[in-house]
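Heads up: the structure comes next, in structure tokens.
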Amino acid sequence: MSRPLYRGFSGGGGGKDRCADEGRHYDPKEPCENGIGATTAARGRKRHLAAAAARIGVLVLAAAALVGSVAWAGSLYAGRGAAAAMAAASAHRGYRRLQEQLVTDLLDIGALAGGGLRSREAEACAAEYENHVPCYYNGSDAVDVSDLGGGVVISYERQCSREGRATCLVAPPRAYRTPVRWPSSKEFIWKDNVRISGHEFSSGSLFKRMMVEEDQISFPSDAHMSDGVEDYAHQIAEMIGLRNEFNFNEAGVRTVLDIECGFGTMGAHLFERDLLTMCIANYEASGSQVQITLERGIPALIGSFASKQLPYPYLSFDMVHCARCNIEWDKNDGIFLVEVDRLLRPGGYFVWTSSLHTHRALRDKENQKKWATIRDLANNLCWEILSQQEETIVWKKTNKRDCYSSRKSEPVLCARSHDPELPYYKPLNPCIAGTRSKRWIPIEHRTTWPSQARLNSTELDIHGVNSEVFGEDTSTWDSMVRNYWSLLSPLIFSDHPKRPGDEEPHPPFNMLRNVLDMNAHFGGFNAALLKSGKSVWVMNVVPINAPNYLPLIFDRGFIGVQHDWCEAFPTYPRTYDMVHADGFLSLEKRQKRRCSTLDIFLEVDRILRPEGWIIIRDTAPLIEAARSVAAQLRWDARILDLDIASDEKLLVCQKPFLKK
């Protein structure tokens, strides 16, 4: 019988954990109160014997299935006429297909766990892996952040390989605590949950203001600043021609790409105005903008303007914002501005705040040259300067295709053979993309939020999606999310959670904030969560081996990314409260298992917060196989039936709080 799933005592709880006694070190082979890591030599031998027996059982069942089908067919043929024989042959073919599927599913149970029914529990990684980010950073190349000078940013181009992935469980730092919950996390976070060196606090940037206290980092409120983010957002709205920032939605602005966002202050402010901001920044060994922003409960992703495109489709964002970001827009023939143009919708805005183009800075001839280059490049992209106030400039991308034919200089339009909707880390392209697309719709002509999430039949036709199919998907997810609440409340989704020994929390309060959907499809799970009134945001991930509906997801006013789940996700450890996967195992099965389920689940464990949740919906055989892998990662797991008439099941897991 499965163990009950619960929110146990954590680093921030009031209970006593005998695995966290003073001076006690974590031992992966030592049992704890919640049963995590409980193993002995005898139990290990039993598991190996059980695994061997299970493998033999799979082979026996497979052989029996094949032999049974032959014997059954022979009995049908015996003593029958020609017509009956033909009917029997037809029935036999159908039965044989079912038997072959049974054999395949049985064999998958063994193979999905990574090449056999391995039951050995994964070991905990060494301490230097606490902030391990594969593809950008390797634990063996650890940097002593105390040696870094102020303002130093370590940037790595994304380079993934099988050798760069950790095959162990990334444990949290010794002093890690359960993260502060939304909306309190906008105001402060626990200091020991992020890696900082102290140099980060010397910056006077509007978006890098923080105060460090004994055990927490707080972010000053606008109420005490005359030049705060509220004034800044109000200024941008006025430069666009709006009364204030509450009118952004009316102007067609919903999704914002914030380049080098500081610590997510702009995104936190705009979220209250129904704008969804995606922060991107380079990998940083210490004081990471992405790590701190996610800790606050604001969307963020590791990404850089280097040599490759960002993993978003073209025409995805209504606004791109860059406040004193370290991007040299004048370099490489303006190719970074071309990338911004690829991401901007027609009529979208590029907001750039920099000291380069102020009157004082332009006294320098070098700055004059840089500014002239950027201004000319923007003009060649058919961008119009709407306004310039002090350090801030607002450009508006053209909403007229004929502008490009009237130009006399580069960049050129992309060739018809170019597919800008498949940008998964492809090299930057110096051509203007998207002008021939049916999605070329000015933002002022689009349906505004929140109606935007419910695409009409005309909008769905652009993506080749039938309105009935879309409507059925919407209804299914509305029902599924209600079922999730019924099955799992108050464990996950309770608005008023209470742990043993805790005081009653003050509503509104939510156990979930950062959610990742591994196989988002149309973004139906995201839509259902918002419809239910939960204050979450969802990173909608479209696997590269799945139909690419990421443009549709962005057109609904959501955010997401393309990703290859055989590679590491571009984020830091412990950044999501819940990971959801619907049909993902079936998708990977059809791809001949390019990597093992254990590899993928190890990555899920890395990005999931302690006491975080995993919800997997798939066919019964694959769910059973996934549970065996979950046991290797020490996840508390339970299988739930969804519908008597369905062969799908739900696997609900909780990641334990591993103490050192």
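Residues in the structure tokens are named by chain (A, B, ... in the order shown) and by number from 1 within that chain; ligands are numbered from 1 in the order shown.
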>> So that I can see what lies close to His463 (chain A), please list as a PyMOL selection string the residues with an atom at most 10 Å from it, counting only C-alpha atoms and leaving out residues fewer than 5 positions away in the same chain.
In response: chain A and resi 438-439+458+548-549+551-552+555
> Which residues come within 10 Å of Gly560 (chain A), counting only C-alpha atoms, excluding same-chain residues fewer than 6 positions away, as a PyMOL selection string?
Replying inline: chain A and resi 278+299+311-313+316+516-517+520+523+538-542+550-551+553-554
> Which of region 278-427 of chain A counts as alpha helix (DSSP H) under DSSP, as a PyMOL selection string please?
Replying inline: chain A and resi 289-295+335-343+365-380+402-405
>> Using only C-alpha atoms, which protein or nucleic acid residues come within 12 Å of region 468-485 of chain A? Drop anything in the same chain fewer than 4 positions from it, and give the result as a PyMOL selection string.
In response: chain A and resi 453-457+459-461+463-464+489-495+520-534+549+552+580+582+615-617+640-643+650-652
Export of prior selection with C-alpha atoms as a PDB file, in the first residue's frame:
ATOM      1  CA  ALA A 453      -6.816  32.873 -23.746  1.00  0.00           C
ATOM      2  CA  ARG A 454      -9.995  31.652 -25.478  1.00  0.00           C
ATOM      3  CA  LEU A 455      -8.963  31.628 -29.130  1.00  0.00           C
ATOM      4  CA  ASN A 456     -11.812  31.872 -31.606  1.00  0.00           C
ATOM      5  CA  SER A 457     -12.211  29.674 -34.688  1.00  0.00           C
ATOM      6  CA  GLU A 459      -7.471  32.366 -34.671  1.00  0.00           C
ATOM      7  CA  LEU A 460      -7.363  28.573 -34.336  1.00  0.00           C
ATOM      8  CA  ASP A 461      -7.421  28.156 -38.123  1.00  0.00           C
ATOM      9  CA  HIS A 463      -2.583  27.147 -36.226  1.00  0.00           C
ATOM     10  CA  GLY A 464      -4.431  24.389 -38.085  1.00  0.00           C
ATOM     11  CA  SER A 489      -6.542  19.057  -1.705  1.00  0.00           C
ATOM     12  CA  PRO A 490      -5.481  20.158   0.848  1.00  0.00           C
ATOM     13  CA  LEU A 491      -2.033  18.673   0.215  1.00  0.00           C
ATOM     14  CA  ILE A 492      -1.076  20.743  -2.823  1.00  0.00           C
ATOM     15  CA  PHE A 493      -3.688  23.237  -3.837  1.00  0.00           C
ATOM     16  CA  SER A 494      -5.087  24.347  -0.510  1.00  0.00           C
ATOM     17  CA  ASP A 495      -5.526  28.099  -0.236  1.00  0.00           C
ATOM     18  CA  ALA A 520       1.947  21.475 -22.689  1.00  0.00           C
ATOM     19  CA  HIS A 521       0.159  20.712 -26.004  1.00  0.00           C
ATOM     20  CA  PHE A 522      -2.355  23.630 -26.349  1.00  0.00           C
ATOM     21  CA  GLY A 523      -1.611  25.046 -22.883  1.00  0.00           C
ATOM     22  CA  GLY A 524      -4.910  23.672 -21.553  1.00  0.00           C
ATOM     23  CA  PHE A 525      -3.511  22.886 -18.107  1.00  0.00           C
ATOM     24  CA  ASN A 526      -2.302  26.507 -17.803  1.00  0.00           C
ATOM     25  CA  ALA A 527      -5.711  27.851 -18.875  1.00  0.00           C
ATOM     26  CA  ALA A 528      -7.591  25.630 -16.420  1.00  0.00           C
ATOM     27  CA  LEU A 529      -5.379  26.678 -13.509  1.00  0.00           C
ATOM     28  CA  LEU A 530      -6.023  30.357 -14.210  1.00  0.00           C
ATOM     29  CA  LYS A 531      -9.743  29.751 -14.753  1.00  0.00           C
ATOM     30  CA  SER A 532      -9.918  28.133 -11.325  1.00  0.00           C
ATOM     31  CA  GLY A 533      -8.549  31.339  -9.803  1.00  0.00           C
ATOM     32  CA  LYS A 534      -5.173  30.035  -8.630  1.00  0.00           C
ATOM     33  CA  TYR A 549       1.985  24.364 -30.572  1.00  0.00           C
ATOM     34  CA  LEU A 552      -0.505  28.928 -30.202  1.00  0.00           C
ATOM     35  CA  HIS A 580       3.194  18.223 -14.543  1.00  0.00           C
ATOM     36  CA  ASP A 582       0.430  14.529 -19.434  1.00  0.00           C
ATOM     37  CA  ILE A 615       1.876  14.770 -11.366  1.00  0.00           C
ATOM     38  CA  ILE A 616       2.122  12.321 -14.275  1.00  0.00           C
ATOM     39  CA  ARG A 617      -0.840  11.166 -16.333  1.00  0.00           C
ATOM     40  CA  LEU A 640      -4.641   6.983  -8.580  1.00  0.00           C
ATOM     41  CA  ASP A 641      -7.358   5.760 -10.926  1.00  0.00           C
ATOM     42  CA  LEU A 642      -8.889   8.497 -13.054  1.00  0.00           C
ATOM     43  CA  ASP A 643     -11.860   6.777 -14.668  1.00  0.00           C
ATOM     44  CA  LEU A 650      -2.342   9.291 -12.368  1.00  0.00           C
ATOM     45  CA  LEU A 651       1.014   9.080 -10.606  1.00  0.00           C
ATOM     46  CA  VAL A 652       1.355  11.649  -7.822  1.00  0.00           C
TER      47      VAL A 652
END
>> Which residues are near region 338-346 of chain A? Cut-off 6 Å, only C-alpha atoms, ignore same chain within fewer than 6 positions. Put them as a PyMOL selection string.
In response: chain A and resi 314-318+397-399+433+442
Next, the residues of the selection above should be written as a CSV table (one decimal), in the first residue's frame with N, CA, C and O atoms.
chain,number,residue,atom,x,y,z
A,314,TYR,N,9.0,33.0,-33.5
A,314,TYR,CA,8.9,34.4,-33.8
A,314,TYR,C,7.5,35.0,-33.5
A,314,TYR,O,6.5,34.2,-33.3
A,315,LEU,N,7.4,36.3,-33.4
A,315,LEU,CA,6.1,37.0,-33.2
A,315,LEU,C,5.5,36.5,-31.9
A,315,LEU,O,4.3,36.2,-31.8
A,316,SER,N,6.3,36.5,-30.8
A,316,SER,CA,5.8,35.9,-29.5
A,316,SER,C,5.5,36.9,-28.4
A,316,SER,O,4.6,36.7,-27.6
A,317,PHE,N,6.3,38.0,-28.4
A,317,PHE,CA,6.1,39.0,-27.3
A,317,PHE,C,5.6,40.3,-27.8
A,317,PHE,O,5.9,40.8,-28.9
A,318,ASP,N,4.8,40.9,-26.9
A,318,ASP,CA,4.2,42.2,-27.2
A,318,ASP,C,5.2,43.4,-26.9
A,318,ASP,O,5.0,44.5,-27.4
A,397,LYS,N,7.6,48.6,-33.4
A,397,LYS,CA,7.8,47.8,-34.6
A,397,LYS,C,6.6,48.0,-35.6
A,397,LYS,O,5.5,48.2,-35.2
A,398,THR,N,6.9,48.1,-36.8
A,398,THR,CA,5.9,48.4,-37.8
A,398,THR,C,4.8,47.3,-37.9
A,398,THR,O,5.1,46.2,-37.6
A,399,ASN,N,3.6,47.7,-38.2
A,399,ASN,CA,2.5,46.8,-38.4
A,399,ASN,C,2.1,46.7,-39.9
A,399,ASN,O,1.0,46.2,-40.2
A,433,ALA,N,12.3,37.9,-40.1
A,433,ALA,CA,11.4,36.7,-40.2
A,433,ALA,C,10.0,37.1,-39.8
A,433,ALA,O,9.7,38.1,-39.2
A,442,PRO,N,-1.1,42.8,-36.0
A,442,PRO,CA,-0.7,43.8,-35.1
A,442,PRO,C,-1.4,43.6,-33.7
A,442,PRO,O,-2.5,43.2,-33.6
>> Under the rule that only C-alpha atoms are counted, which of A:Glu648, A:Glu421, A:Glu444, A:Glu611 is the nearest residue to Asn249 (chain A)?
In response: A:Glu444
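Closest approach to Arg195 (chain A) from the set A:Met266, A:Ala415, A:Ile217, A:Ala620 is made by A:Ile217, with distances taken over only C-alpha atoms.
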> Which one is closest to Val629 (chain A): A:Ala171, A:Glu295, A:Leu598, A:Ala645? Count only C-alpha atoms.
Replying inline: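 Closest residue, counting only C-alpha atoms: A:Leu598.
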> Hey, which of A:Arg375, A:His269, A:Arg436, A:Arg416 ends up closest to Asp402 (chain A)? Count only C-alpha atoms.
Replying inline: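 Checking each candidate against Asp402 (chain A), we get A:Arg436 as the closest.
Take CA of Asp376 (chain A) and CA of Ala361 (chain A): the distance between them is 18.3 Å.
Note that the spacing between CA of Ala568 (chain A) and CA of Gly612 (chain A) amounts to 18.5 Å.
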>> What's around Gly297 (chain A) at 7 Å? Count only C-alpha atoms, leave out sequence neighbours fewer than 3 positions away in its own chain, and write the answer as an MDAnalysis selection string.
In response: chainID A and resid 182 185 293:294 513:514
> If we count only C-alpha atoms, what is near Arg606 (chain A) at a cut-off of 10 Å, once residues fewer than 6 positions away on the same chain are taken out, given as a PyMOL selection string?
Replying inline: chain A and resi 130-133+166+168-172+568-569+571-576+600
